[in-house]
>>> print(open('run_3.tsv').read())   # TSV, C-alpha atoms
chain	number	residue	atom	x	y	z
A	1	MET	CA	0.00	0.00	0.00
A	2	CYS	CA	1.37	3.42	-0.89
A	3	VAL	CA	0.42	6.60	0.96
A	4	SER	CA	1.83	9.92	-0.32
A	5	GLY	CA	4.93	8.28	-1.75
A	6	PHE	CA	5.56	6.10	1.31
A	7	GLU	CA	4.95	2.40	1.13
A	8	ILE	CA	3.21	0.97	4.18
A	9	GLY	CA	4.74	-2.35	5.20
A	10	ASN	CA	3.77	-5.13	7.54
A	11	GLY	CA	6.76	-4.90	9.90
A	12	TRP	CA	4.54	-2.97	12.31
A	13	VAL	CA	2.89	-6.27	13.29
A	14	LEU	CA	6.19	-7.47	14.75
A	15	SER	CA	6.72	-4.14	16.50
A	16	LEU	CA	3.26	-4.29	18.00
A	17	ILE	CA	4.02	-7.76	19.39
A	18	CYS	CA	7.34	-6.44	20.73
A	19	ILE	CA	5.60	-3.52	22.47
A	20	LEU	CA	2.95	-5.80	23.95
A	21	VAL	CA	5.50	-8.33	25.23
A	22	SER	CA	7.74	-5.52	26.55
A	23	TYR	CA	5.12	-3.44	28.32
A	24	LEU	CA	1.88	-5.40	28.85
A	25	PRO	CA	3.30	-7.51	31.72
A	26	MET	CA	3.80	-4.30	33.70
A	27	LEU	CA	0.02	-3.93	33.94
A	28	PHE	CA	-0.09	-7.13	35.99
A	29	GLY	CA	3.05	-6.68	38.08
A	30	LYS	CA	1.45	-4.47	40.74
A	31	LYS	CA	4.14	-3.59	43.30
A	32	GLY	CA	6.79	-5.30	41.19
A	33	THR	CA	6.10	-2.83	38.37
A	34	LYS	CA	6.72	0.06	40.74
A	35	ARG	CA	10.12	-1.44	41.60
A	36	LEU	CA	10.81	-2.13	37.93
A	37	VAL	CA	10.19	1.43	36.76
A	38	ASP	CA	11.86	3.12	39.76
A	39	ALA	CA	14.56	5.31	38.26
A	40	SER	CA	15.55	7.14	41.44
A	41	TRP	CA	19.04	5.62	41.32
A	42	ILE	CA	19.84	6.79	37.78
A	43	SER	CA	22.24	9.71	37.46
A	44	PRO	CA	21.13	12.87	35.62
A	45	ARG	CA	23.27	11.79	32.64
A	46	GLY	CA	21.71	8.32	32.81
A	47	LYS	CA	18.23	9.84	32.74
A	48	VAL	CA	19.09	11.73	29.56
A	49	VAL	CA	20.46	8.52	28.02
A	50	SER	CA	17.31	6.63	29.12
A	51	GLY	CA	15.14	9.23	27.43
A	52	PHE	CA	17.19	8.91	24.26
A	53	LEU	CA	16.89	5.11	24.44
A	54	MET	CA	13.10	5.39	24.57
A	55	ILE	CA	13.16	7.69	21.54
A	56	LEU	CA	15.29	5.13	19.66
A	57	PHE	CA	12.96	2.29	20.68
A	58	PHE	CA	9.91	4.12	19.41
A	59	ALA	CA	11.80	5.21	16.28
A	60	ILE	CA	12.22	1.52	15.47
A	61	MET	CA	8.54	0.95	16.12
A	62	VAL	CA	7.55	3.81	13.79
A	63	TYR	CA	10.10	2.87	11.14
A	64	SER	CA	8.76	-0.70	11.13
A	65	VAL	CA	5.52	0.64	9.63
A	66	PHE	CA	7.48	1.23	6.41
A	67	VAL	CA	9.29	-2.11	6.14
A	68	GLN	CA	8.11	-5.45	4.85
A	69	ILE	CA	8.55	-8.80	6.52
A	70	ARG	CA	10.47	-10.99	4.06
A	71	PHE	CA	8.90	-14.41	4.47
A	72	THR	CA	11.70	-16.35	2.79
A	73	GLY	CA	15.33	-17.17	3.37
A	74	VAL	CA	17.68	-17.96	6.18
A	75	LEU	CA	17.44	-14.48	7.70
A	76	PHE	CA	13.70	-14.90	8.10
A	77	VAL	CA	14.10	-18.28	9.81
A	78	PHE	CA	16.79	-16.98	12.20
A	79	GLY	CA	14.68	-13.88	12.80
A	80	VAL	CA	11.62	-15.93	13.71
A	81	LEU	CA	13.66	-18.10	16.07
A	82	LEU	CA	15.38	-15.14	17.71
A	83	PHE	CA	12.17	-13.15	17.99
A	84	GLY	CA	10.19	-16.10	19.38
A	85	LEU	CA	12.81	-17.20	21.90
A	86	SER	CA	13.37	-13.60	22.99
A	87	ALA	CA	9.63	-13.00	23.44
A	88	ILE	CA	9.36	-16.13	25.59
A	89	GLY	CA	12.47	-15.04	27.51
A	90	THR	CA	11.00	-11.57	28.12
A	91	ILE	CA	7.79	-13.04	29.51
A	92	ALA	CA	9.78	-15.49	31.66
A	93	ALA	CA	11.94	-12.63	32.97
A	94	TYR	CA	8.91	-10.55	33.91
A	95	THR	CA	7.31	-13.55	35.58
A	96	ALA	CA	10.40	-14.22	37.72
A	97	TYR	CA	10.78	-10.52	38.48
A	98	PHE	CA	7.20	-10.09	39.64
A	99	LYS	CA	7.22	-13.30	41.71
A	100	ALA	CA	10.31	-12.21	43.68
A	101	PRO	CA	9.75	-10.50	47.03
A	102	LEU	CA	10.16	-6.74	46.66
A	103	ASN	CA	13.08	-6.47	49.06
A	104	GLN	CA	15.07	-9.38	47.60
A	105	LEU	CA	17.39	-9.86	44.69
A	106	VAL	CA	15.77	-11.62	41.71
A	107	ARG	CA	17.69	-14.85	41.06
A	108	GLU	CA	15.11	-17.31	39.80
A	109	GLY	CA	14.23	-18.45	36.29
A	110	VAL	CA	16.10	-16.69	33.50
A	111	TYR	CA	17.85	-14.55	36.11
A	112	ARG	CA	20.02	-17.62	36.72
A	113	ILE	CA	21.61	-17.21	33.27
A	114	SER	CA	21.56	-13.41	32.88
A	115	ARG	CA	21.52	-10.54	35.35
A	116	ASN	CA	19.65	-8.47	32.73
A	117	PRO	CA	17.31	-10.81	30.86
A	118	ILE	CA	14.67	-8.20	30.05
A	119	TYR	CA	17.23	-5.94	28.32
A	120	VAL	CA	18.77	-8.90	26.50
A	121	CYS	CA	15.46	-10.37	25.37
A	122	VAL	CA	13.92	-7.09	24.19
A	123	ALA	CA	17.09	-6.45	22.16
A	124	GLY	CA	16.75	-10.00	20.82
A	125	MET	CA	13.17	-9.32	19.71
A	126	MET	CA	14.27	-6.15	17.93
A	127	LEU	CA	17.15	-7.96	16.21
A	128	GLY	CA	14.64	-10.65	15.22
A	129	ILE	CA	12.52	-7.94	13.61
A	130	ALA	CA	15.61	-6.63	11.79
A	131	LEU	CA	16.37	-10.12	10.45
A	132	MET	CA	12.80	-10.87	9.39
A	133	CYS	CA	12.55	-7.50	7.61
A	134	HIS	CA	16.15	-7.55	6.31
A	135	SER	CA	16.60	-4.11	7.89
A	136	VAL	CA	20.12	-2.86	8.52
A	137	ILE	CA	18.59	0.31	10.00
A	138	ILE	CA	16.65	-1.57	12.70
A	139	ALA	CA	19.70	-3.74	13.45
A	140	GLY	CA	21.96	-0.69	13.68
A	141	ILE	CA	19.63	1.22	15.98
A	142	THR	CA	19.21	-1.88	18.18
A	143	VAL	CA	22.99	-2.29	18.51
A	144	LEU	CA	23.33	1.44	19.31
A	145	GLN	CA	20.61	1.10	21.94
A	146	PHE	CA	22.35	-1.84	23.56
A	147	ILE	CA	25.68	0.00	23.66
A	148	LEU	CA	24.03	3.03	25.28
A	149	GLN	CA	22.04	0.81	27.65
A	150	HIS	CA	25.30	-0.63	28.98
A	151	GLY	CA	26.03	2.60	30.89
A	152	ILE	CA	22.62	2.46	32.58
A	153	ILE	CA	23.22	-1.18	33.48
A	154	LEU	CA	26.55	-0.27	35.11
A	155	GLU	CA	24.75	2.35	37.22
A	156	GLU	CA	22.11	-0.22	38.15
A	157	GLU	CA	24.82	-2.65	39.25
A	158	THR	CA	26.31	-0.01	41.55
A	159	TYR	CA	22.85	0.58	43.03
A	160	CYS	CA	22.28	-3.18	43.50
A	161	ARG	CA	25.62	-3.53	45.28
A	162	THR	CA	24.57	-0.76	47.65
A	163	ILE	CA	21.13	-2.23	48.33
A	164	HIS	CA	21.91	-5.96	48.40
A	165	GLY	CA	25.57	-6.02	49.47
A	166	LYS	CA	27.16	-9.47	49.68
A	167	ASP	CA	24.16	-11.19	48.08
A	168	TYR	CA	24.58	-9.09	44.95
A	169	LEU	CA	28.36	-9.55	44.88
A	170	GLU	CA	27.88	-13.33	44.94
A	171	TYR	CA	25.25	-13.09	42.20
A	172	PHE	CA	27.50	-10.71	40.22
A	173	GLU	CA	30.38	-13.19	40.33
A	174	ASN	CA	28.28	-16.22	39.31
A	175	VAL	CA	25.84	-14.92	36.70
A	176	PRO	CA	26.90	-13.08	33.53
A	177	ARG	CA	25.70	-9.54	32.91
A	178	TYR	CA	24.14	-10.47	29.58
A	179	LEU	CA	24.60	-14.06	28.43
A	180	LEU	CA	27.32	-16.69	28.53
A	181	PHE	CA	30.48	-14.84	29.53
A	182	PHE	CA	29.36	-11.27	28.73
>>> encode(input="run_3.tsv", output="structure tokens")
Amino acid sequence: MCVSGFEIGNGWVLSLICILVSYLPMLFGKKGTKRLVDASWISPRGKVVSGFLMILFFAIMVYSVFVQIRFTGVLFVFGVLLFGLSAIGTIAAYTAYFKAPLNQLVREGVYRISRNPIYVCVAGMMLGIALMCHSVIIAGITVLQFILQHGIILEEETYCRTIHGKDYLEYFENVPRYLLFF
């Protein structure tokens, strides 16, 4: 479909799923959502970066309106797998997060293999979209987001060390920041 010289694609369907998986669980998290969205520990610079990250996220969502899902090829298959596994991982991460007592460190479920599974899985969903749509732009913005997000994650780790002390240090030493050895 073409509107004023712009072709409307079907990539928005994937972005809608990504938004729903990324944000809908927060409606059911009750007190856990309050803890999840608490940004009181973020530095002023980190708050600016966080705002920019949200702009980039929604830029991908808007841009996806103009891209087509390419239903053939190896990239599509890898994209579907990455997107699907990442969506399941995101839901599992939210479930573990919301089940954990508010004053305790989250260590159950996917938090046993990553200290930041929500960040990792949402990035995985966006890279899955990039693969399924053969979009270098979406992939590039996602990588940029993840690089910028790293600074926020480092601030969060400092905060967690302050709040949870030895428990966090033990967790920090035994569970990778992202996945595997990262």
>>> closest_residue(input="run_3.tsv", among="A:Ile152, A:Leu179, A:Ala139, A:Leu102", to="A:Lys47", atoms="all atoms listed in the file")
A:Ile152
>>> closest_residue(input="run_3.tsv", among="A:Asn10, A:Arg70, A:Glu157, A:Ser22", to="A:Tyr119", atoms="all atoms listed in the file")
A:Ser22
>>> atom_distance(input="run_3.tsv", atom1="atom CA of A:Ser43", atom2="atom CA of A:Gln145")
17.8 Å
>>> closest_residue(input="run_3.tsv", among="A:Ile88, A:Val74, A:Val65, A:Leu131", to="A:Ile118", atoms="only C-alpha atoms")
A:Ile88
>>> atom_distance(input="run_3.tsv", atom1="atom CA of A:Lys166", atom2="atom CA of A:Gln104")
12.3 Å
>>> axis_aligned_box(input="run_3.tsv", around="stretch 126-136 of chain A", padding_each_side="5 Å", output="lines of an AutoDock Vina configuration file")
center_x = 16.3
center_y = -6.9
center_z = 12.1
size_x = 17.6
size_y = 18.0
size_z = 21.6
>>> residues_around(input="run_3.tsv", residues="A:Phe98", least_positions_apart="4", cutoff="12 Å", atoms="all atoms listed in the file", output="list in words")
Pro25, Met26, Leu27, Phe28, Gly29, Lys30, Lys31, Gly32, Thr33, Lys34, Arg35, Leu36, Ile91, Ala92, Ala93, Tyr94, Leu102, Asn103, Gln104, Leu105, Val106, Arg107, Glu108 and Gly109 of chain A
>>> write_last_selection(input="run_3.tsv", atoms="C-alpha atoms", output="tab-separated table (two decimals), in the frame of the given file")
chain	number	residue	atom	x	y	z
A	25	PRO	CA	3.30	-7.51	31.72
A	26	MET	CA	3.80	-4.30	33.70
A	27	LEU	CA	0.02	-3.93	33.94
A	28	PHE	CA	-0.09	-7.13	35.99
A	29	GLY	CA	3.05	-6.68	38.08
A	30	LYS	CA	1.45	-4.47	40.74
A	31	LYS	CA	4.14	-3.59	43.30
A	32	GLY	CA	6.79	-5.30	41.19
A	33	THR	CA	6.10	-2.83	38.37
A	34	LYS	CA	6.72	0.06	40.74
A	35	ARG	CA	10.12	-1.44	41.60
A	36	LEU	CA	10.81	-2.13	37.93
A	91	ILE	CA	7.79	-13.04	29.51
A	92	ALA	CA	9.78	-15.49	31.66
A	93	ALA	CA	11.94	-12.63	32.97
A	94	TYR	CA	8.91	-10.55	33.91
A	102	LEU	CA	10.16	-6.74	46.66
A	103	ASN	CA	13.08	-6.47	49.06
A	104	GLN	CA	15.07	-9.38	47.60
A	105	LEU	CA	17.39	-9.86	44.69
A	106	VAL	CA	15.77	-11.62	41.71
A	107	ARG	CA	17.69	-14.85	41.06
A	108	GLU	CA	15.11	-17.31	39.80
A	109	GLY	CA	14.23	-18.45	36.29
>>> atom_distance(input="run_3.tsv", atom1="atom CA of A:Ile153", atom2="atom CA of A:Tyr178")
10.1 Å
>>> closest_residue(input="run_3.tsv", among="A:Phe58, A:Ala130, A:Leu81, A:Glu155", to="A:Ser40", atoms="only C-alpha atoms")
A:Glu155
>>> closest_residue(input="run_3.tsv", among="A:Arg177, A:Arg115, A:Arg161, A:Arg45", to="A:Tyr97", atoms="only C-alpha atoms")
A:Arg115
